[in-house]
$ cat work-v9.txt   # compact mmCIF, C-alpha atoms and all ligand atoms
# COMPACT_ATOMS: atom_id res chain seq x y z
CA MET A 1 36.48 149.05 15.79
CA GLU A 2 34.28 146.77 13.80
CA THR A 3 30.63 147.74 13.66
CA THR A 4 28.15 144.94 13.53
CA ILE A 5 24.41 145.17 13.57
CA MET A 6 23.15 142.48 15.86
CA THR A 7 19.58 141.37 15.76
CA ALA A 8 18.85 139.16 18.73
CA THR A 9 16.29 137.10 16.86
CA LYS A 10 15.96 136.72 13.13
CA VAL A 11 12.95 138.68 11.99
CA HIS A 12 11.39 137.76 8.67
CA ASN A 13 10.62 141.14 7.19
CA PHE A 14 7.70 141.13 4.73
CA SER A 15 7.16 144.90 4.90
CA ALA A 16 5.67 146.55 1.80
CA GLY A 17 8.02 149.50 2.00
CA PRO A 18 10.29 150.81 3.25
CA SER A 19 11.35 147.23 3.30
CA ILE A 20 14.09 144.72 3.86
CA LEU A 21 17.63 145.57 2.76
CA PRO A 22 20.54 143.11 2.67
CA GLN A 23 22.22 142.76 6.06
CA GLU A 24 25.68 143.43 4.60
CA VAL A 25 24.36 146.69 3.11
CA LEU A 26 23.14 147.82 6.52
CA GLN A 27 26.53 147.04 8.02
CA LYS A 28 28.41 149.02 5.39
CA ALA A 29 25.93 151.88 5.73
CA ALA A 30 26.55 151.92 9.49
CA GLU A 31 30.30 152.06 8.90
CA ALA A 32 29.90 155.04 6.55
CA CYS A 33 28.20 156.93 9.37
CA THR A 34 31.53 157.17 11.14
CA ASN A 35 34.14 156.64 8.43
CA PHE A 36 33.13 157.16 4.83
CA ALA A 37 35.49 155.89 2.14
CA GLY A 38 38.51 156.10 4.42
CA THR A 39 38.06 159.84 5.11
CA ASN A 40 37.55 159.41 8.87
CA LEU A 41 34.51 161.61 8.37
CA SER A 42 30.90 160.56 8.37
CA LEU A 43 29.11 160.52 5.03
CA LEU A 44 26.55 162.62 6.86
CA GLU A 45 29.03 165.46 7.38
CA VAL A 46 30.94 165.79 4.11
CA SER A 47 30.26 167.95 1.07
CA HIS A 48 28.30 166.46 -1.77
CA ARG A 49 30.95 168.05 -4.00
CA SER A 50 33.81 166.14 -2.33
CA LYS A 51 35.60 163.76 -4.63
CA GLU A 52 34.50 160.72 -2.61
CA VAL A 53 30.81 161.62 -2.82
CA VAL A 54 31.03 162.51 -6.51
CA ALA A 55 32.71 159.14 -7.14
CA MET A 56 29.94 157.41 -5.18
CA ALA A 57 27.22 159.17 -7.22
CA ASP A 58 28.98 158.26 -10.46
CA ASN A 59 29.20 154.66 -9.32
CA ALA A 60 25.49 154.59 -8.40
CA THR A 61 24.61 155.95 -11.86
CA ALA A 62 26.88 153.42 -13.56
CA LEU A 63 25.35 150.56 -11.56
CA VAL A 64 21.82 151.52 -12.62
CA LYS A 65 22.95 151.50 -16.25
CA GLU A 66 24.78 148.22 -15.91
CA LEU A 67 22.14 146.32 -13.94
CA LEU A 68 19.31 147.43 -16.22
CA ASP A 69 21.43 147.11 -19.35
CA LEU A 70 20.47 150.63 -20.41
CA PRO A 71 21.44 151.74 -23.90
CA ASN A 72 23.51 154.95 -24.21
CA ASP A 73 20.54 157.09 -25.11
CA TYR A 74 19.14 157.08 -21.57
CA ASP A 75 19.95 159.55 -18.78
CA VAL A 76 19.86 158.45 -15.15
CA VAL A 77 19.11 160.93 -12.36
CA PHE A 78 18.61 160.70 -8.62
CA LEU A 79 15.87 163.01 -7.35
CA GLN A 80 13.97 163.82 -4.20
CA GLY A 81 10.26 164.05 -3.45
CA GLY A 82 9.48 160.36 -3.83
CA ALA A 83 7.60 158.69 -6.65
CA SER A 84 4.68 160.96 -5.73
CA THR A 85 6.58 163.96 -7.10
CA GLN A 86 7.10 161.99 -10.31
CA PHE A 87 3.31 161.86 -10.67
CA LEU A 88 3.60 165.62 -11.19
CA MET A 89 6.97 165.84 -12.97
CA VAL A 90 5.92 163.44 -15.71
CA PRO A 91 3.02 165.57 -17.02
CA PHE A 92 4.92 168.80 -16.35
CA ASN A 93 7.72 167.62 -18.63
CA LEU A 94 5.86 165.49 -21.19
CA LEU A 95 2.21 166.46 -21.45
CA LYS A 96 1.69 168.84 -24.37
CA SER A 97 -1.86 168.13 -25.54
CA LYS A 98 -3.04 164.78 -24.22
CA ALA A 99 -1.89 161.95 -21.97
CA ALA A 100 -3.20 158.38 -21.62
CA TYR A 101 -3.20 156.44 -18.35
CA VAL A 102 -4.05 152.91 -17.31
CA ASN A 103 -5.54 152.84 -13.83
CA THR A 104 -4.47 149.77 -11.89
CA GLY A 105 -4.78 151.02 -8.35
CA ALA A 106 -4.16 153.67 -5.73
CA TRP A 107 -0.81 154.81 -7.15
CA SER A 108 -2.07 155.07 -10.72
CA THR A 109 -5.08 157.01 -9.43
CA LYS A 110 -2.77 159.50 -7.77
CA ALA A 111 -0.67 159.83 -10.92
CA ILE A 112 -3.83 160.47 -12.96
CA LYS A 113 -4.95 163.18 -10.57
CA GLU A 114 -1.71 165.12 -11.04
CA ALA A 115 -1.84 164.80 -14.84
CA LYS A 116 -5.41 166.08 -14.92
CA GLY A 117 -4.23 169.35 -13.47
CA MET A 118 -1.81 169.69 -16.37
CA GLY A 119 -3.86 168.91 -19.50
CA THR A 120 -6.24 166.47 -21.17
CA THR A 121 -5.87 163.12 -19.46
CA GLU A 122 -7.63 160.05 -20.74
CA VAL A 123 -7.94 156.90 -18.64
CA ILE A 124 -7.93 154.38 -21.48
CA ALA A 125 -8.29 151.29 -19.28
CA SER A 126 -9.00 150.61 -15.64
CA SER A 127 -9.55 147.68 -13.31
CA GLU A 128 -11.37 149.79 -10.75
CA ASP A 129 -14.62 147.98 -11.63
CA ASP A 130 -13.32 144.93 -9.76
CA ASN A 131 -11.35 146.60 -6.95
CA PHE A 132 -8.13 146.48 -9.04
CA THR A 133 -7.85 142.71 -8.92
CA TYR A 134 -6.52 142.41 -12.47
CA ILE A 135 -4.40 144.13 -15.11
CA PRO A 136 -6.55 145.44 -18.00
CA LYS A 137 -5.71 144.02 -21.42
CA GLY A 138 -6.86 144.40 -25.00
CA TYR A 139 -7.50 148.15 -24.96
CA THR A 140 -6.73 150.57 -27.77
CA ILE A 141 -4.03 153.15 -27.25
CA PRO A 142 -4.93 156.39 -29.05
CA ALA A 143 -2.26 157.46 -31.52
CA ASP A 144 -2.58 161.16 -30.71
CA THR A 145 -1.32 160.96 -27.12
CA ASP A 146 1.94 162.38 -25.84
CA TYR A 147 2.55 159.33 -23.68
CA LEU A 148 0.95 156.33 -22.00
CA HIS A 149 1.52 155.91 -18.26
CA ILE A 150 1.35 152.58 -16.45
CA THR A 151 2.26 151.24 -13.00
CA SER A 152 4.22 148.03 -13.51
CA ASN A 153 3.53 146.59 -10.06
CA ASN A 154 0.63 147.52 -7.84
CA THR A 155 2.05 147.42 -4.35
CA ILE A 156 -1.30 147.68 -2.60
CA TYR A 157 -3.47 145.38 -4.72
CA GLY A 158 -0.82 142.78 -5.58
CA THR A 159 -1.05 142.81 -9.36
CA GLN A 160 1.83 143.08 -11.81
CA TYR A 161 2.16 143.41 -15.57
CA GLN A 162 3.58 140.25 -17.08
CA ASN A 163 3.74 141.92 -20.52
CA PHE A 164 3.96 145.64 -21.13
CA PRO A 165 1.70 147.39 -23.64
CA GLU A 166 3.23 147.91 -27.06
CA SER A 167 2.62 151.00 -29.14
CA ASN A 168 4.42 153.77 -30.97
CA ILE A 169 3.69 156.40 -28.37
CA PRO A 170 6.17 156.99 -25.53
CA LEU A 171 5.59 154.64 -22.61
CA VAL A 172 6.11 155.96 -19.07
CA VAL A 173 6.25 153.54 -16.16
CA ASP A 174 6.13 153.78 -12.39
CA MET A 175 8.39 150.89 -11.36
CA SER A 176 8.61 151.86 -7.70
CA SER A 177 7.85 148.41 -6.39
CA ASP A 178 9.44 146.11 -8.95
CA ILE A 179 12.46 147.83 -10.48
CA PHE A 180 15.56 145.59 -10.32
CA SER A 181 13.34 142.60 -9.53
CA ARG A 182 13.10 141.20 -13.06
CA GLN A 183 14.60 141.71 -16.47
CA PHE A 184 12.87 143.90 -19.04
CA ASN A 185 13.71 145.59 -22.29
CA PRO A 186 14.44 149.26 -21.46
CA ASN A 187 13.92 150.24 -25.09
CA GLN A 188 10.18 149.80 -24.53
CA PHE A 189 10.15 152.83 -22.25
CA SER A 190 10.70 156.56 -22.69
CA LEU A 191 10.69 157.27 -18.99
CA ILE A 192 11.03 154.99 -15.96
CA TYR A 193 10.78 156.19 -12.39
CA ALA A 194 10.89 154.56 -8.98
CA GLY A 195 10.99 155.57 -5.35
CA ALA A 196 13.99 153.69 -3.94
CA GLN A 197 12.46 152.25 -0.80
CA LYS A 198 11.67 148.74 -2.00
CA ASN A 199 14.29 147.07 -4.19
CA MET A 200 16.81 149.84 -4.60
CA GLY A 201 17.59 151.27 -1.17
CA PRO A 202 16.15 153.41 1.60
CA ALA A 203 13.49 156.09 1.35
CA GLY A 204 14.65 159.55 0.37
CA VAL A 205 15.89 159.09 -3.16
CA THR A 206 13.94 158.59 -6.37
CA LEU A 207 15.36 157.19 -9.56
CA ALA A 208 14.39 158.56 -12.97
CA ILE A 209 15.59 157.14 -16.27
CA ILE A 210 14.82 159.34 -19.25
CA LYS A 211 15.29 158.55 -22.93
CA LYS A 212 17.14 161.27 -24.78
CA GLY A 213 14.90 163.30 -27.06
CA VAL A 214 11.64 163.02 -25.10
CA LEU A 215 12.04 166.29 -23.19
CA GLY A 216 11.58 169.87 -24.31
CA LYS A 217 8.41 169.40 -26.32
CA THR A 218 5.71 170.90 -24.13
CA GLU A 219 6.51 174.63 -24.55
CA ARG A 220 5.57 174.93 -20.88
CA LYS A 221 7.65 176.90 -18.40
CA ILE A 222 8.81 174.22 -16.00
CA PRO A 223 9.99 175.21 -12.50
CA THR A 224 13.72 174.55 -12.22
CA MET A 225 13.54 171.76 -9.65
CA LEU A 226 10.70 169.99 -11.50
CA ASN A 227 12.53 170.05 -14.81
CA TYR A 228 14.29 166.74 -15.57
CA GLN A 229 16.75 168.64 -17.76
CA THR A 230 18.05 170.56 -14.72
CA HIS A 231 19.08 167.34 -13.05
CA ILE A 232 20.37 165.69 -16.21
CA ASP A 233 22.58 168.70 -16.99
CA LYS A 234 24.08 168.68 -13.49
CA GLU A 235 24.31 164.88 -13.13
CA SER A 236 22.02 164.85 -10.07
CA MET A 237 24.13 167.55 -8.38
CA PHE A 238 22.09 170.68 -9.20
CA ASN A 239 21.41 171.02 -5.50
CA THR A 240 22.33 168.87 -2.52
CA PRO A 241 21.23 165.35 -3.39
CA PRO A 242 20.17 162.82 -0.74
CA VAL A 243 23.71 161.49 -0.44
CA PHE A 244 23.12 158.94 2.27
CA ALA A 245 20.12 157.38 0.52
CA MET A 246 22.12 157.34 -2.70
CA TYR A 247 25.01 155.61 -0.97
CA VAL A 248 22.80 152.91 0.54
CA SER A 249 21.20 152.45 -2.89
CA MET A 250 24.65 152.12 -4.42
CA LEU A 251 25.54 149.45 -1.85
CA THR A 252 22.29 147.60 -2.57
CA MET A 253 23.00 147.67 -6.29
CA GLU A 254 26.54 146.40 -5.64
CA TRP A 255 25.05 143.58 -3.57
CA LEU A 256 22.76 142.72 -6.47
CA LYS A 257 25.59 142.85 -9.01
CA ASN A 258 27.92 140.72 -6.89
CA ASN A 259 25.25 138.06 -6.50
CA GLY A 260 24.57 137.75 -10.22
CA GLY A 261 22.49 140.80 -11.11
CA VAL A 262 18.87 141.07 -12.12
CA ALA A 263 18.83 137.64 -13.83
CA TRP A 264 19.87 136.03 -10.54
CA VAL A 265 17.33 137.90 -8.45
CA GLU A 266 14.54 137.31 -10.98
CA ALA A 267 15.02 133.55 -10.65
CA ARG A 268 15.12 133.88 -6.86
CA ASN A 269 12.00 136.07 -6.82
CA LYS A 270 10.18 133.55 -9.01
CA GLN A 271 11.18 130.75 -6.67
CA LYS A 272 9.88 132.69 -3.65
CA ALA A 273 6.59 133.62 -5.33
CA ASP A 274 6.06 130.04 -6.52
CA MET A 275 6.57 128.77 -2.98
CA LEU A 276 4.05 131.16 -1.48
CA TYR A 277 1.37 131.04 -4.18
CA GLY A 278 1.76 127.25 -4.27
CA GLU A 279 0.86 127.08 -0.60
CA LEU A 280 -1.95 129.65 -0.94
CA ASP A 281 -3.49 127.63 -3.77
CA SER A 282 -3.35 124.33 -1.94
CA ASN A 283 -4.24 125.45 1.57
CA PRO A 284 -8.05 125.55 1.98
CA LEU A 285 -7.88 128.16 4.74
CA PHE A 286 -6.63 130.92 2.43
CA VAL A 287 -7.89 132.71 -0.61
CA THR A 288 -5.88 134.98 -2.91
CA THR A 289 -7.36 138.28 -4.02
CA VAL A 290 -6.20 138.78 -7.62
CA LYS A 291 -6.51 137.04 -11.00
CA PRO A 292 -3.84 134.31 -11.01
CA GLU A 293 -2.28 135.43 -14.33
CA ASP A 294 -1.74 138.95 -12.95
CA ARG A 295 -0.27 137.98 -9.59
CA SER A 296 2.62 140.08 -8.35
CA ARG A 297 5.87 138.37 -7.44
CA MET A 298 6.64 141.30 -5.17
CA ASN A 299 3.42 141.65 -3.15
CA ALA A 300 1.16 138.66 -2.58
CA THR A 301 -2.24 139.65 -1.20
CA PHE A 302 -4.45 137.07 0.50
CA LEU A 303 -7.32 136.64 2.93
CA LEU A 304 -8.43 134.08 5.43
CA LYS A 305 -11.53 132.20 4.31
CA ASP A 306 -12.80 132.26 7.85
CA ASN A 307 -12.16 135.58 9.56
CA SER A 308 -12.90 134.14 12.98
CA LEU A 309 -9.49 132.40 12.77
CA GLU A 310 -7.63 135.67 12.39
CA GLU A 311 -6.33 135.79 15.92
CA GLU A 312 -5.06 132.20 15.69
CA PHE A 313 -3.19 132.86 12.45
CA ASN A 314 -1.74 136.15 13.72
CA LYS A 315 -0.48 134.32 16.81
CA LEU A 316 1.41 131.76 14.74
CA VAL A 317 2.81 134.52 12.52
CA LYS A 318 4.07 136.40 15.54
CA GLU A 319 5.62 133.33 17.15
CA ALA A 320 7.57 132.71 13.94
CA ASN A 321 9.00 136.26 14.07
CA ILE A 322 7.27 137.26 10.88
CA SER A 323 6.83 141.01 10.53
CA GLY A 324 4.98 143.33 8.14
CA LEU A 325 2.31 140.90 6.95
CA LYS A 326 -0.74 143.06 7.61
CA GLY A 327 -2.69 143.86 4.44
CA HIS A 328 -3.32 147.39 3.22
CA ARG A 329 -6.61 148.80 4.52
CA SER A 330 -8.11 148.93 1.01
CA VAL A 331 -7.71 145.15 0.53
CA GLY A 332 -7.69 143.89 4.11
CA GLY A 333 -6.29 140.52 5.08
CA TYR A 334 -2.60 139.98 4.48
CA ARG A 335 0.14 141.10 2.15
CA ALA A 336 3.46 139.31 1.91
CA SER A 337 5.99 141.57 0.22
CA MET A 338 8.88 139.54 -1.15
CA TYR A 339 11.36 142.14 -2.34
CA ASN A 340 14.84 141.31 -3.62
CA ALA A 341 16.57 141.23 -0.24
CA LEU A 342 14.06 138.84 1.34
CA PRO A 343 15.74 135.42 1.48
CA PRO A 344 13.79 132.35 0.30
CA GLU A 345 14.21 130.96 3.83
CA SER A 346 11.87 133.68 5.13
CA VAL A 347 9.21 132.64 2.64
CA GLN A 348 9.72 129.04 3.74
CA VAL A 349 9.07 130.09 7.34
CA LEU A 350 5.79 131.73 6.29
CA VAL A 351 4.79 128.69 4.24
CA ASP A 352 5.54 126.45 7.23
CA VAL A 353 3.33 128.65 9.43
CA MET A 354 0.51 128.34 6.89
CA LYS A 355 0.91 124.59 6.79
CA GLU A 356 0.82 124.37 10.56
CA PHE A 357 -2.26 126.61 10.60
CA GLY A 358 -3.84 124.28 8.04
CA ARG A 359 -3.09 121.20 10.16
CA LYS A 360 -4.55 122.81 13.27
CA PHE A 361 -7.67 124.36 11.80
CA GLY A 362 -8.19 122.83 8.36
N1 LIG A 401 4.12 154.15 -6.78
C1 LIG A 401 4.12 152.93 -6.24
C2 LIG A 401 3.91 151.75 -7.11
C3 LIG A 401 4.32 152.79 -4.86
O1 LIG A 401 4.31 151.57 -4.31
C4 LIG A 401 4.52 153.94 -4.06
C5 LIG A 401 4.75 153.88 -2.57
N2 LIG A 401 4.88 152.73 -1.99
C6 LIG A 401 4.49 155.17 -4.67
C7 LIG A 401 4.31 155.25 -6.03
C8 LIG A 401 4.67 156.44 -3.87
O2 LIG A 401 6.01 156.55 -3.56
P1 LIG A 401 6.59 157.65 -2.58
O3 LIG A 401 6.14 157.31 -1.22
O4 LIG A 401 8.07 157.51 -2.79
O5 LIG A 401 6.08 158.98 -3.04

$ encode --input "work-v9.txt" --output "structure tokens"
Amino acid sequence: METTIMTATKVHNFSAGPSILPQEVLQKAAEACTNFAGTNLSLLEVSHRSKEVVAMADNATALVKELLDLPNDYDVVFLQGGASTQFLMVPFNLLKSKAAYVNTGAWSTKAIKEAKGMGTTEVIASSEDDNFTYIPKGYTIPADTDYLHITSNNTIYGTQYQNFPESNIPLVVDMSSDIFSRQFNPNQFSLIYAGAQKNMGPAGVTLAIIKKGVLGKTERKIPTMLNYQTHIDKESMFNTPPVFAMYVSMLTMEWLKNNGGVAWVEARNKQKADMLYGELDSNPLFVTTVKPEDRSRMNATFLLKDNSLEEEFNKLVKEANISGLKGHRSVGGYRASMYNALPPESVQVLVDVMKEFGRKFG
């Protein structure tokens, strides 16, 4: 029997995360719930040590390496605990005497808090002075730090690094909300981590990419499950990994590869962001919240100039079957998240709604 997911009306899903996944991925994931890899068993009821699941995990690892063009001296592991556990694992594994952080928003702030419990933590730059509406630039990175931690895309505030800081100290990056969305040079980073639930797959699995040679320097006793080496040594199979989330991530990465990889999606993401920011800049009823040069292509944050029109705009948004546009409480207004799987047509629908709103109330 063929399983098809039917949505009665097309919903344009701008959710900030968990967020839109490709429709074909959802269909294949549904199939695997009843018949995984021709076993006539559900993926939810087979051993993670079965040959089919091990092959799936190997394929997921290989796809990460291929899509990100990772050199051989990087290990890829799939973990649990979300990116929030990475806030702790990073200092546990890397912080010997001092760590440097750039604070660009709520997620950086949380990462800093965890590091502070682990050793000297210096916030060398911050945009908190202006409610995180920009990416700090032109700061000095101290040479005596074990690593510098940044958040490449700030999901809540809608800012994104266009260029990453350059220095000789190991660079650690939280790429939870923009991994696989644009090309970058992996050699710039010693450690990359990302919760899956935006561009990679569903919630429940966390990706970590670790450069060989950066671990084992802290002389700290690291609890087994929080030690990256545990998971590297056992190829993400030290304990039961989140197999279903890994499978859906693997399918999403296959979707990306089959469509042309990160280069393809980067061009598509640029096109989508240009469409939306173009409208926001020309429509007098809206105002964007961040410095234009630091705008995120993943999460566009904006406000209405006249709040008394909120109900009218929300009505048009609803009628157009647009979902997930409400802004985060710390910014207010609206946030349009345009992750990889969001088709340009959905952005066009939102732009059309804004135009109509402009005609009616401008
Ligand atoms: N970092 C960033 C940039 C995020 O956007 C999020 C969550 N959306 C997190 C970290 C926290 O991730 P998790 O919920 O997987 O712990």

$ closest_atom_pairs --input "work-v9.txt" --of "chain A" --to "ligand LIG 401 (chain A)" --cutoff "9 Å" --atoms "only C-alpha atoms and all ligand atoms" --output "Markdown table"
| residue | atom | partner | partner_atom | distance |
| --- | --- | --- | --- | --- |
| A:Ala16 | CA | A:LIG401 | N2 | 7.3 |
| A:Gly17 | CA | A:LIG401 | N2 | 6.0 |
| A:Pro18 | CA | A:LIG401 | N2 | 7.8 |
| A:Gln80 | CA | A:LIG401 | O4 | 8.8 |
| A:Gly81 | CA | A:LIG401 | O5 | 6.6 |
| A:Gly82 | CA | A:LIG401 | O4 | 3.3 |
| A:Ala83 | CA | A:LIG401 | O5 | 3.9 |
| A:Ser84 | CA | A:LIG401 | O5 | 3.6 |
| A:Thr85 | CA | A:LIG401 | O5 | 6.4 |
| A:Gln86 | CA | A:LIG401 | O5 | 7.9 |
| A:Phe87 | CA | A:LIG401 | C7 | 8.1 |
| A:Gly105 | CA | A:LIG401 | C2 | 8.8 |
| A:Ala106 | CA | A:LIG401 | C1 | 8.3 |
| A:Trp107 | CA | A:LIG401 | N1 | 5.0 |
| A:Ser108 | CA | A:LIG401 | N1 | 7.4 |
| A:Lys110 | CA | A:LIG401 | C7 | 8.4 |
| A:Ala111 | CA | A:LIG401 | C7 | 8.3 |
| A:Thr151 | CA | A:LIG401 | C2 | 6.1 |
| A:Ser152 | CA | A:LIG401 | C2 | 7.4 |
| A:Asn153 | CA | A:LIG401 | C2 | 6.0 |
| A:Asn154 | CA | A:LIG401 | C2 | 5.4 |
| A:Thr155 | CA | A:LIG401 | O1 | 4.7 |
| A:Ile156 | CA | A:LIG401 | O1 | 7.0 |
| A:Asp174 | CA | A:LIG401 | N1 | 6.0 |
| A:Met175 | CA | A:LIG401 | C2 | 6.2 |
| A:Ser176 | CA | A:LIG401 | C2 | 4.7 |
| A:Ser177 | CA | A:LIG401 | O1 | 5.2 |
| A:Asp178 | CA | A:LIG401 | C2 | 8.1 |
| A:Tyr193 | CA | A:LIG401 | N1 | 8.9 |
| A:Ala194 | CA | A:LIG401 | N1 | 7.1 |
| A:Gly195 | CA | A:LIG401 | O4 | 4.3 |
| A:Ala196 | CA | A:LIG401 | O4 | 7.1 |
| A:Gln197 | CA | A:LIG401 | O4 | 7.1 |
| A:Lys198 | CA | A:LIG401 | N2 | 7.9 |
| A:Ala203 | CA | A:LIG401 | O4 | 7.0 |
| A:Gly204 | CA | A:LIG401 | O4 | 7.6 |
| A:Val205 | CA | A:LIG401 | O4 | 8.0 |
| A:Thr206 | CA | A:LIG401 | O4 | 7.0 |

$ axis_aligned_box --input "work-v9.txt" --around "stretch 237-254 of chain A" --padding-each-side "6 Å" --output "lines of an AutoDock Vina configuration file"
center_x = 23.3
center_y = 158.7
center_z = -3.5
size_x = 18.4
size_y = 36.6
size_z = 23.5

$ residues_around --input "work-v9.txt" --residues "A:Leu215" --least-positions-apart "4" --cutoff "8 Å" --atoms "all atoms listed in the file" --output "PyMOL selection string"
chain A and resi 93-94+228-229

$ write_last_selection --input "work-v9.txt" --atoms "C-alpha atoms" --output "PDB file, keeping the file's coordinate frame"
ATOM      1  CA  ASN A  93       7.720 167.620 -18.630  1.00  0.00           C
ATOM      2  CA  LEU A  94       5.860 165.490 -21.190  1.00  0.00           C
ATOM      3  CA  TYR A 228      14.290 166.740 -15.570  1.00  0.00           C
ATOM      4  CA  GLN A 229      16.750 168.640 -17.760  1.00  0.00           C
TER       5      GLN A 229
END

$ closest_atom_pairs --input "work-v9.txt" --of "stretch 118-230 of chain A" --to "stretch 295-300 of chain A" --cutoff "6 Å" --atoms "all atoms listed in the file" --output "tab-separated table"
residue	atom	partner	partner_atom	distance
A:Gly158	CA	A:Asn299	CA	5.0
A:Thr159	CA	A:Ser296	CA	4.7
A:Gln160	CA	A:Ser296	CA	4.6

$ write_last_selection --input "work-v9.txt" --atoms "C-alpha atoms" --output "mmCIF file, in the coordinates of the input"
data_model
loop_
_atom_site.group_PDB
_atom_site.id
_atom_site.type_symbol
_atom_site.label_atom_id
_atom_site.label_comp_id
_atom_site.auth_asym_id
_atom_site.auth_seq_id
_atom_site.Cartn_x
_atom_site.Cartn_y
_atom_site.Cartn_z
ATOM 1 C CA GLY A 158 -0.820 142.780 -5.580
ATOM 2 C CA THR A 159 -1.050 142.810 -9.360
ATOM 3 C CA GLN A 160 1.830 143.080 -11.810
#

$ closest_residue --input "work-v9.txt" --among "A:Phe14, A:Phe357, A:Tyr101, A:Tyr139" --to "A:Glu122" --atoms "all atoms listed in the file"
A:Tyr101

$ residues_around --input "work-v9.txt" --residues "A:Leu41" --least-positions-apart "4" --cutoff "12 Å" --atoms "all atoms listed in the file" --output "list in words"
Glu31, Ala32, Cys33, Thr34, Asn35, Phe36, Ala37, Glu45, Val46, Ser47, Ser50, Glu52 and Val53 of chain A

$ closest_residue --input "work-v9.txt" --among "A:Asn340, A:Ser308, A:Leu148, A:Phe244" --to "A:Leu44" --atoms "all atoms listed in the file"
A:Phe244

$ residues_around --input "work-v9.txt" --residues "A:Ser282" --least-positions-apart "5" --cutoff "12 Å" --atoms "only C-alpha atoms" --output "mmCIF file with C-alpha atoms, in the frame of the given file"
data_model
loop_
_atom_site.group_PDB
_atom_site.id
_atom_site.type_symbol
_atom_site.label_atom_id
_atom_site.label_comp_id
_atom_site.auth_asym_id
_atom_site.auth_seq_id
_atom_site.Cartn_x
_atom_site.Cartn_y
_atom_site.Cartn_z
ATOM 1 C CA ASP A 274 6.060 130.040 -6.520
ATOM 2 C CA MET A 275 6.570 128.770 -2.980
ATOM 3 C CA LEU A 276 4.050 131.160 -1.480
ATOM 4 C CA TYR A 277 1.370 131.040 -4.180
ATOM 5 C CA VAL A 287 -7.890 132.710 -0.610
ATOM 6 C CA THR A 288 -5.880 134.980 -2.910
ATOM 7 C CA VAL A 351 4.790 128.690 4.240
ATOM 8 C CA MET A 354 0.510 128.340 6.890
ATOM 9 C CA LYS A 355 0.910 124.590 6.790
ATOM 10 C CA GLY A 358 -3.840 124.280 8.040
ATOM 11 C CA GLY A 362 -8.190 122.830 8.360
#

$ atom_distance --input "work-v9.txt" --atom1 "atom CA of A:Pro186" --atom2 "atom CA of A:Gly201"
20.6 Å

$ residues_around --input "work-v9.txt" --residues "stretch 114-116 of chain A" --least-positions-apart "5" --cutoff "9 Å" --atoms "only C-alpha atoms" --output "PDB file with C-alpha atoms, in the coordinates of the input"
ATOM      1  CA  PHE A  87       3.310 161.860 -10.670  1.00  0.00           C
ATOM      2  CA  LEU A  88       3.600 165.620 -11.190  1.00  0.00           C
ATOM      3  CA  MET A  89       6.970 165.840 -12.970  1.00  0.00           C
ATOM      4  CA  VAL A  90       5.920 163.440 -15.710  1.00  0.00           C
ATOM      5  CA  PRO A  91       3.020 165.570 -17.020  1.00  0.00           C
ATOM      6  CA  PHE A  92       4.920 168.800 -16.350  1.00  0.00           C
ATOM      7  CA  LEU A  95       2.210 166.460 -21.450  1.00  0.00           C
ATOM      8  CA  ALA A  99      -1.890 161.950 -21.970  1.00  0.00           C
ATOM      9  CA  THR A 109      -5.080 157.010  -9.430  1.00  0.00           C
ATOM     10  CA  THR A 121      -5.870 163.120 -19.460  1.00  0.00           C
ATOM     11  CA  GLU A 122      -7.630 160.050 -20.740  1.00  0.00           C
TER      12      GLU A 122
END

$ closest_residue --input "work-v9.txt" --among "A:Val102, A:Leu316, A:Ala341, A:Met118" --to "A:Lys137" --atoms "all atoms listed in the file"
A:Val102

$ closest_residue --input "work-v9.txt" --among "A:His149, A:Ile179, A:Pro241, A:Tyr157" --to "A:Asp130" --atoms "all atoms listed in the file"
A:Tyr157

$ residues_around --input "work-v9.txt" --residues "stretch 330-332 of chain A" --least-positions-apart "2" --cutoff "8 Å" --atoms "all atoms listed in the file" --output "PyMOL selection string"
chain A and resi 156-157+301+303+326-328+334

$ closest_residue --input "work-v9.txt" --among "A:Gly324, A:Lys212, A:Glu345, A:Thr224" --to "A:Leu70" --atoms "all atoms listed in the file"
A:Lys212
